[in-house]
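S.K.: My questions all concern the structure below.
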Amino acid sequence: MIEDKDFITSRDVPGPTKENIRAILLYKSTVTNEDSVVDIGCGSGGITIEFAQRAKNVISIDKNPEAIKITGKNLEKFNLKDKVDLIENDAVSALKKLDKIDIAIVGGSSNDLEEILEEIDKKLNPKGRILITSILLDTKIEAINALKKLGYKPKIVEVNISNGRILDRGVMMFSENPIGIISSKKDNND
Ligand code: SAH
């Protein structure tokens, strides 16, 4: 795992997704070196980098040119440029041009989440996985409803992380924003 502080960041680009959330996403995705991954809303590249180290290849999409630039810088820093295609475009248009997807991660969607998930579903392999991270309460509900509509049985966990700071007189905990992780498997029938 890469520590948050080791990513190159920019004031104008959100991310990276915090380390403990990245760890849960990696675990839930069951990523292997045979998987083609799409990172939608790649931001600073936090998710892109972790998956590029483990997957066959990653396609990273962001509509913000600055996000593409920062993700590119991080790929260079971690020597992963060969593993990743960067696409500067809105998610729906970019997804329309893609082929088969094994793992789709959605970290940003603006108001297009339903359409983004429809496009992912068209391209997702029979054993494919979808993971959505959400900071907004609204997106959590929207994601669940959109996945249900597409025939999935989504799961949601709300992750509340606190980090301890060791002080002279004790340990003080600092909490991060609660993040929803919504996950679905194409072939999940439980
Ligand atoms: N997971 C990232 C942070 C994501 S921030 C990391 O670890 O660094 C969310 C990103 O989604 C932003 O950069 C934003 O520009 C992008 N985004 C939001 N809606 C989008 C859309 N419809 N199409 C493409 N990118 C989008």
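Lettering and numbering for the structure tokens are positional, with chains as A, B, ... in the shown order, residues counted from 1 in each chain, and ligands counted from 1 in the shown order.
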Within 8 Å of Ala67 of chain A, counting only C-alpha atoms, which residues qualify if same-chain residues fewer than 5 places away don't, as a count of residues only?
M.R.: 6
S.K.: Could you list, as a VMD selection string, all residues that come within 10 Å of ligand 1? Count only C-alpha atoms and all ligand atoms.
M.R.: chain A and resid 4 7 to 9 12 to 19 21 to 22 39 to 50 60 to 68 70 to 71 87 to 95 105 to 113 115 to 116 132 to 134
S.K.: Nearest residue to Lys149 of chain A out of A:Lys100, A:Tyr27, A:Ser36, A:Glu114, using only C-alpha atoms?
M.R.: A:Glu114
S.K.: What does the distance from atom CA of Met1 of chain A to atom CA of Lys123 of chain A come to in Å, to one decimal?
M.R.: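 Result for atom CA of Met1 of chain A versus atom CA of Lys123 of chain A: 28.7 Å, one decimal.
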S.K.: Apply DSSP to the structure's backbone, then extract all residues of segment 59-172 of chain A labelled helix (DSSP H, G or I) and return them as an MDAnalysis selection string.
M.R.: chainID A and resid 65:77 81:83 91:96 113:123 137:149
S.K.: Can you tell me which residues surround Tyr152 of chain A at a distance of at most 10 Å, considering only C-alpha atoms, apart from same-chain residues fewer than 3 positions away, and format the answer as a PyMOL selection string?
M.R.: chain A and resi 121+130+144-149+155+183-189
S.K.: From the DSSP assignment of the backbone, select every residue of chain A that is strand (DSSP E or B), and format the answer as a ChimeraX atom specification.
M.R.: /A:36-40,57-62,84-88,101-106,124-134,155-159,162-167,170-175,179-185
S.K.: In Å, how far is it from atom CA of Lys153 of chain A to atom CA of Gly180 of chain A?
M.R.: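 Computing the Euclidean distance for atom CA of Lys153 of chain A and atom CA of Gly180 of chain A yields 15.9 Å.
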S.K.: Restricting the calculation to only C-alpha atoms, which member of A:Ile120, A:Leu80, A:Ile156, A:Val31 is positioned closest to Lys97 of chain A?
M.R.: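 Nearest candidate to Lys97 of chain A out of A:Ile120, A:Leu80, A:Ile156, A:Val31: A:Ile120.
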S.K.: Could you check how far atom CA of Glu3 of chain A sits from atom CA of Ala23 of chain A, in Å to one decimal?
M.R.: 10.9 Å
